[in-house]
Amino acid sequence: MLYQQVSALIEGETDRVAIMANVVAAIHETMGFFWTGFYRVVQQPEKSELLLGPFQGPVACMHIGYGRGVCGTAWKEGKTIVVSDVEQFPGHIACSSLSRSEIVVPLFDAQGTVVAVLDIDSKELNTFDDTDREGLEKILTLL
C-alpha cells in the first residue's frame, strides 16, 4: 500500500527535493521509524560526499564521506545495506546514540549512478529484513 501511496503522491512532480521530502514523510509516518531521510550525492572538484537532504526525525549528520559509515558504504557499493545492530558495523557513524539498527537504500539515476541514499534508523535491534529491502528498493524505482 505504501508503494501505491508514494506513486500517487509524487505523480507529475518534477522537483527532486519536493519528491524526496514527501517520500520521506510518507515512509516515516506510515512506518513510525526513529529517523528517515535522504543523503544526496554532491560532486565537488576536491571531493564528493553525501549531503543531508530531506528527513524526518532528530537532527542528523550533515556530511558523510564516500565509503564511510553505512550510508557511505551503500553509496560506494551501490547496494542496499541492512544492519541489524549498528554497533557491530565497522565504522558506523553515530549521529544518535539511540539508533540501534539501520537500512540504507541507494537511489540511482537513469544511467545507473547513485545520486542519493535513503537512510532509515530504528531504536530497536533487528528491525529491518529482506521484505523491507525489497519494498524500499521498489519505492525508490518510482523516483
# chains A, B, ... in the order shown; residues from 1 in each chain; ligands from 1

call {"tool": "residues_around", "arguments": {"residues": "Val41 in chain A", "least_positions_apart": "3", "cutoff": "12 Å", "atoms": "only C-alpha atoms", "output": "list of chain:residue names"}}
result
A:Phe38, A:Gln44, A:Lys47, A:Ser48, A:Glu49, A:Leu50, A:Leu51, A:Leu52, A:Gly53, A:Met62, A:His63, A:Ile64, A:Gly65, A:Tyr66, A:Cys71, A:Gly72, A:Ala74, A:Trp75, A:Lys76, A:Pro106, A:Leu107, A:Phe108, A:Asp109, A:Thr113, A:Val114, A:Val115, A:Ala116, A:Val117, A:Leu118

call {"tool": "residues_around", "arguments": {"residues": "range 17-24 of chain A", "least_positions_apart": "4", "cutoff": "7 Å", "atoms": "only C-alpha atoms", "output": "list in words"}}
result
Val6, Ile10, Glu13, His28, Thr36, Gly37, Pro54, Phe55 and Gln56 of chain A

call {"tool": "write_last_selection", "arguments": {"atoms": "C-alpha atoms", "output": "compact mmCIF listing (two decimals), in the first residue's frame"}}
result
# COMPACT_ATOMS: atom_id res chain seq x y z
CA VAL A 6 4.02 7.15 -2.84
CA ILE A 10 4.66 12.11 -6.47
CA GLU A 13 6.02 16.28 -9.71
CA HIS A 28 8.25 7.91 8.32
CA THR A 36 14.05 8.59 7.88
CA GLY A 37 15.86 10.69 5.33
CA PRO A 54 15.00 15.99 3.33
CA PHE A 55 14.43 14.00 6.53
CA GLN A 56 12.08 13.32 9.43

call {"tool": "residues_around", "arguments": {"residues": "range 100-105 of chain A", "least_positions_apart": "5", "cutoff": "10 Å", "atoms": "only C-alpha atoms", "output": "PDB file with N, CA and C atoms, in the first residue's frame"}}
result
ATOM      1  N   PHE A  33       9.319   4.958  12.006  1.00  0.00           N
ATOM      2  CA  PHE A  33      10.740   4.765  12.297  1.00  0.00           C
ATOM      3  C   PHE A  33      11.301   5.931  13.104  1.00  0.00           C
ATOM      4  N   PHE A  34      12.467   5.735  13.705  1.00  0.00           N
ATOM      5  CA  PHE A  34      13.138   6.758  14.506  1.00  0.00           C
ATOM      6  C   PHE A  34      13.631   7.908  13.625  1.00  0.00           C
ATOM      7  N   TRP A  35      14.275   7.576  12.503  1.00  0.00           N
ATOM      8  CA  TRP A  35      14.822   8.596  11.600  1.00  0.00           C
ATOM      9  C   TRP A  35      14.697   8.088  10.177  1.00  0.00           C
ATOM     10  N   THR A  36      14.231   8.940   9.285  1.00  0.00           N
ATOM     11  CA  THR A  36      14.050   8.587   7.884  1.00  0.00           C
ATOM     12  C   THR A  36      14.500   9.773   7.048  1.00  0.00           C
ATOM     13  N   GLY A  37      15.438   9.560   6.143  1.00  0.00           N
ATOM     14  CA  GLY A  37      15.856  10.694   5.327  1.00  0.00           C
ATOM     15  C   GLY A  37      16.755  10.316   4.170  1.00  0.00           C
ATOM     16  N   PHE A  38      16.970  11.295   3.327  1.00  0.00           N
ATOM     17  CA  PHE A  38      17.861  11.143   2.187  1.00  0.00           C
ATOM     18  C   PHE A  38      19.168  11.880   2.433  1.00  0.00           C
ATOM     19  N   TYR A  39      20.239  11.300   1.942  1.00  0.00           N
ATOM     20  CA  TYR A  39      21.515  11.984   1.780  1.00  0.00           C
ATOM     21  C   TYR A  39      21.775  12.035   0.278  1.00  0.00           C
ATOM     22  N   VAL A  70      27.470   3.461   7.225  1.00  0.00           N
ATOM     23  CA  VAL A  70      26.538   2.632   6.453  1.00  0.00           C
ATOM     24  C   VAL A  70      26.129   3.363   5.176  1.00  0.00           C
ATOM     25  N   CYS A  71      25.836   4.660   5.282  1.00  0.00           N
ATOM     26  CA  CYS A  71      25.407   5.421   4.101  1.00  0.00           C
ATOM     27  C   CYS A  71      26.503   5.505   3.046  1.00  0.00           C
ATOM     28  N   GLY A  72      27.695   5.863   3.461  1.00  0.00           N
ATOM     29  CA  GLY A  72      28.807   5.965   2.512  1.00  0.00           C
ATOM     30  C   GLY A  72      29.175   4.635   1.897  1.00  0.00           C
ATOM     31  N   THR A  73      29.001   3.559   2.648  1.00  0.00           N
ATOM     32  CA  THR A  73      29.281   2.217   2.135  1.00  0.00           C
ATOM     33  C   THR A  73      28.228   1.805   1.107  1.00  0.00           C
ATOM     34  N   ALA A  74      26.954   2.094   1.381  1.00  0.00           N
ATOM     35  CA  ALA A  74      25.895   1.787   0.417  1.00  0.00           C
ATOM     36  C   ALA A  74      26.115   2.565  -0.874  1.00  0.00           C
ATOM     37  N   TRP A  75      26.556   3.807  -0.765  1.00  0.00           N
ATOM     38  CA  TRP A  75      26.877   4.625  -1.937  1.00  0.00           C
ATOM     39  C   TRP A  75      28.028   3.990  -2.713  1.00  0.00           C
ATOM     40  N   GLY A  78      26.950   0.573  -4.095  1.00  0.00           N
ATOM     41  CA  GLY A  78      25.782   0.632  -4.969  1.00  0.00           C
ATOM     42  C   GLY A  78      24.756  -0.434  -4.663  1.00  0.00           C
ATOM     43  N   LYS A  79      24.616  -0.743  -3.378  1.00  0.00           N
ATOM     44  CA  LYS A  79      23.630  -1.753  -2.983  1.00  0.00           C
ATOM     45  C   LYS A  79      23.063  -1.429  -1.606  1.00  0.00           C
ATOM     46  N   THR A  80      21.891  -1.990  -1.354  1.00  0.00           N
ATOM     47  CA  THR A  80      21.227  -1.802  -0.066  1.00  0.00           C
ATOM     48  C   THR A  80      21.997  -2.528   1.024  1.00  0.00           C
ATOM     49  N   ILE A  81      22.116  -1.872   2.164  1.00  0.00           N
ATOM     50  CA  ILE A  81      22.776  -2.477   3.322  1.00  0.00           C
ATOM     51  C   ILE A  81      21.795  -2.497   4.482  1.00  0.00           C
ATOM     52  N   VAL A  82      21.593  -3.668   5.045  1.00  0.00           N
ATOM     53  CA  VAL A  82      20.745  -3.861   6.216  1.00  0.00           C
ATOM     54  C   VAL A  82      21.664  -4.181   7.392  1.00  0.00           C
ATOM     55  N   VAL A  83      21.538  -3.396   8.452  1.00  0.00           N
ATOM     56  CA  VAL A  83      22.378  -3.582   9.641  1.00  0.00           C
ATOM     57  C   VAL A  83      21.469  -3.874  10.832  1.00  0.00           C
ATOM     58  N   SER A  84      21.571  -5.077  11.370  1.00  0.00           N
ATOM     59  CA  SER A  84      20.700  -5.460  12.485  1.00  0.00           C
ATOM     60  C   SER A  84      21.133  -4.843  13.814  1.00  0.00           C
ATOM     61  N   ASP A  85      22.440  -4.541  13.942  1.00  0.00           N
ATOM     62  CA  ASP A  85      22.978  -3.919  15.149  1.00  0.00           C
ATOM     63  C   ASP A  85      24.088  -2.965  14.715  1.00  0.00           C
ATOM     64  N   VAL A  86      23.821  -1.663  14.767  1.00  0.00           N
ATOM     65  CA  VAL A  86      24.781  -0.685  14.261  1.00  0.00           C
ATOM     66  C   VAL A  86      26.121  -0.715  15.002  1.00  0.00           C
ATOM     67  N   GLU A  87      26.105  -1.172  16.235  1.00  0.00           N
ATOM     68  CA  GLU A  87      27.355  -1.242  16.985  1.00  0.00           C
ATOM     69  C   GLU A  87      28.296  -2.306  16.431  1.00  0.00           C
ATOM     70  N   GLN A  88      27.766  -3.228  15.630  1.00  0.00           N
ATOM     71  CA  GLN A  88      28.577  -4.282  15.032  1.00  0.00           C
ATOM     72  C   GLN A  88      29.064  -3.915  13.625  1.00  0.00           C
ATOM     73  N   PHE A  89      28.662  -2.740  13.104  1.00  0.00           N
ATOM     74  CA  PHE A  89      29.068  -2.322  11.769  1.00  0.00           C
ATOM     75  C   PHE A  89      30.360  -1.514  11.873  1.00  0.00           C
ATOM     76  N   ALA A  94      27.726   7.418  14.328  1.00  0.00           N
ATOM     77  CA  ALA A  94      26.617   7.539  15.280  1.00  0.00           C
ATOM     78  C   ALA A  94      26.117   8.974  15.334  1.00  0.00           C
ATOM     79  N   VAL A 114      24.608   6.232  -8.533  1.00  0.00           N
ATOM     80  CA  VAL A 114      23.970   6.565  -7.254  1.00  0.00           C
ATOM     81  C   VAL A 114      23.935   8.087  -7.109  1.00  0.00           C
ATOM     82  N   ALA A 116      21.728   9.471  -4.568  1.00  0.00           N
ATOM     83  CA  ALA A 116      21.320   9.706  -3.182  1.00  0.00           C
ATOM     84  C   ALA A 116      21.179   8.353  -2.502  1.00  0.00           C
ATOM     85  N   VAL A 117      21.046   8.385  -1.193  1.00  0.00           N
ATOM     86  CA  VAL A 117      20.716   7.173  -0.439  1.00  0.00           C
ATOM     87  C   VAL A 117      19.578   7.499   0.519  1.00  0.00           C
ATOM     88  N   LEU A 118      18.696   6.540   0.684  1.00  0.00           N
ATOM     89  CA  LEU A 118      17.627   6.635   1.682  1.00  0.00           C
ATOM     90  C   LEU A 118      18.129   5.917   2.924  1.00  0.00           C
ATOM     91  N   ASP A 119      18.165   6.629   4.034  1.00  0.00           N
ATOM     92  CA  ASP A 119      18.676   6.095   5.294  1.00  0.00           C
ATOM     93  C   ASP A 119      17.519   6.035   6.290  1.00  0.00           C
ATOM     94  N   ILE A 120      17.319   4.863   6.886  1.00  0.00           N
ATOM     95  CA  ILE A 120      16.268   4.712   7.895  1.00  0.00           C
ATOM     96  C   ILE A 120      16.877   4.052   9.127  1.00  0.00           C
ATOM     97  N   ASP A 121      16.655   4.676  10.274  1.00  0.00           N
ATOM     98  CA  ASP A 121      17.173   4.167  11.541  1.00  0.00           C
ATOM     99  C   ASP A 121      16.021   3.770  12.461  1.00  0.00           C
ATOM    100  N   SER A 122      16.270   2.761  13.284  1.00  0.00           N
ATOM    101  CA  SER A 122      15.304   2.307  14.275  1.00  0.00           C
ATOM    102  C   SER A 122      15.952   2.316  15.656  1.00  0.00           C
ATOM    103  N   LYS A 123      15.148   2.517  16.666  1.00  0.00           N
ATOM    104  CA  LYS A 123      15.627   2.434  18.050  1.00  0.00           C
ATOM    105  C   LYS A 123      15.743   0.989  18.522  1.00  0.00           C
ATOM    106  N   GLU A 124      15.235   0.050  17.732  1.00  0.00           N
ATOM    107  CA  GLU A 124      15.230  -1.367  18.097  1.00  0.00           C
ATOM    108  C   GLU A 124      16.260  -2.141  17.271  1.00  0.00           C
ATOM    109  N   LEU A 125      16.803  -3.205  17.842  1.00  0.00           N
ATOM    110  CA  LEU A 125      17.685  -4.100  17.100  1.00  0.00           C
ATOM    111  C   LEU A 125      16.864  -4.915  16.106  1.00  0.00           C
ATOM    112  N   ASN A 126      17.511  -5.352  15.033  1.00  0.00           N
ATOM    113  CA  ASN A 126      16.909  -6.287  14.064  1.00  0.00           C
ATOM    114  C   ASN A 126      15.573  -5.818  13.497  1.00  0.00           C
ATOM    115  N   THR A 127      15.439  -4.548  13.228  1.00  0.00           N
ATOM    116  CA  THR A 127      14.173  -4.017  12.721  1.00  0.00           C
ATOM    117  C   THR A 127      13.949  -4.358  11.250  1.00  0.00           C
ATOM    118  N   PHE A 128      15.006  -4.360  10.455  1.00  0.00           N
ATOM    119  CA  PHE A 128      14.868  -4.448   9.002  1.00  0.00           C
ATOM    120  C   PHE A 128      15.255  -5.823   8.470  1.00  0.00           C
ATOM    121  N   ASP A 129      14.559  -6.230   7.399  1.00  0.00           N
ATOM    122  CA  ASP A 129      14.837  -7.532   6.785  1.00  0.00           C
ATOM    123  C   ASP A 129      14.716  -7.422   5.269  1.00  0.00           C
ATOM    124  N   ASP A 132      11.689  -5.484   3.917  1.00  0.00           N
ATOM    125  CA  ASP A 132      11.890  -4.032   3.945  1.00  0.00           C
ATOM    126  C   ASP A 132      12.776  -3.611   2.774  1.00  0.00           C
ATOM    127  N   ARG A 133      13.855  -4.350   2.565  1.00  0.00           N
ATOM    128  CA  ARG A 133      14.785  -4.042   1.471  1.00  0.00           C
ATOM    129  C   ARG A 133      14.047  -4.042   0.141  1.00  0.00           C
ATOM    130  N   GLU A 134      13.313  -5.097  -0.129  1.00  0.00           N
ATOM    131  CA  GLU A 134      12.593  -5.213  -1.399  1.00  0.00           C
ATOM    132  C   GLU A 134      11.557  -4.104  -1.555  1.00  0.00           C
ATOM    133  N   LEU A 136      11.429  -1.091  -0.060  1.00  0.00           N
ATOM    134  CA  LEU A 136      12.040   0.227  -0.202  1.00  0.00           C
ATOM    135  C   LEU A 136      12.739   0.387  -1.553  1.00  0.00           C
ATOM    136  N   GLU A 137      13.383  -0.671  -2.019  1.00  0.00           N
ATOM    137  CA  GLU A 137      14.007  -0.603  -3.343  1.00  0.00           C
ATOM    138  C   GLU A 137      12.938  -0.371  -4.417  1.00  0.00           C
ATOM    139  N   LEU A 140      11.819   3.256  -4.345  1.00  0.00           N
ATOM    140  CA  LEU A 140      12.807   4.173  -4.934  1.00  0.00           C
ATOM    141  C   LEU A 140      12.841   4.105  -6.446  1.00  0.00           C
TER     142      LEU A 140
END

call {"tool": "residues_around", "arguments": {"residues": "Gln4 in chain A", "least_positions_apart": "2", "cutoff": "12 Å", "atoms": "only C-alpha atoms", "output": "list in words"}}
result
Met1, Leu2, Val6, Ser7, Ala8, Leu9, Ile10, Glu11, Val23, Ala26, Ile27, Gly135, Lys138, Ile139 and Leu142 of chain A

call {"tool": "atom_distance", "arguments": {"atom1": "CA of Ser96 in chain A", "atom2": "CA of Arg68 in chain A"}}
result
16.0 Å
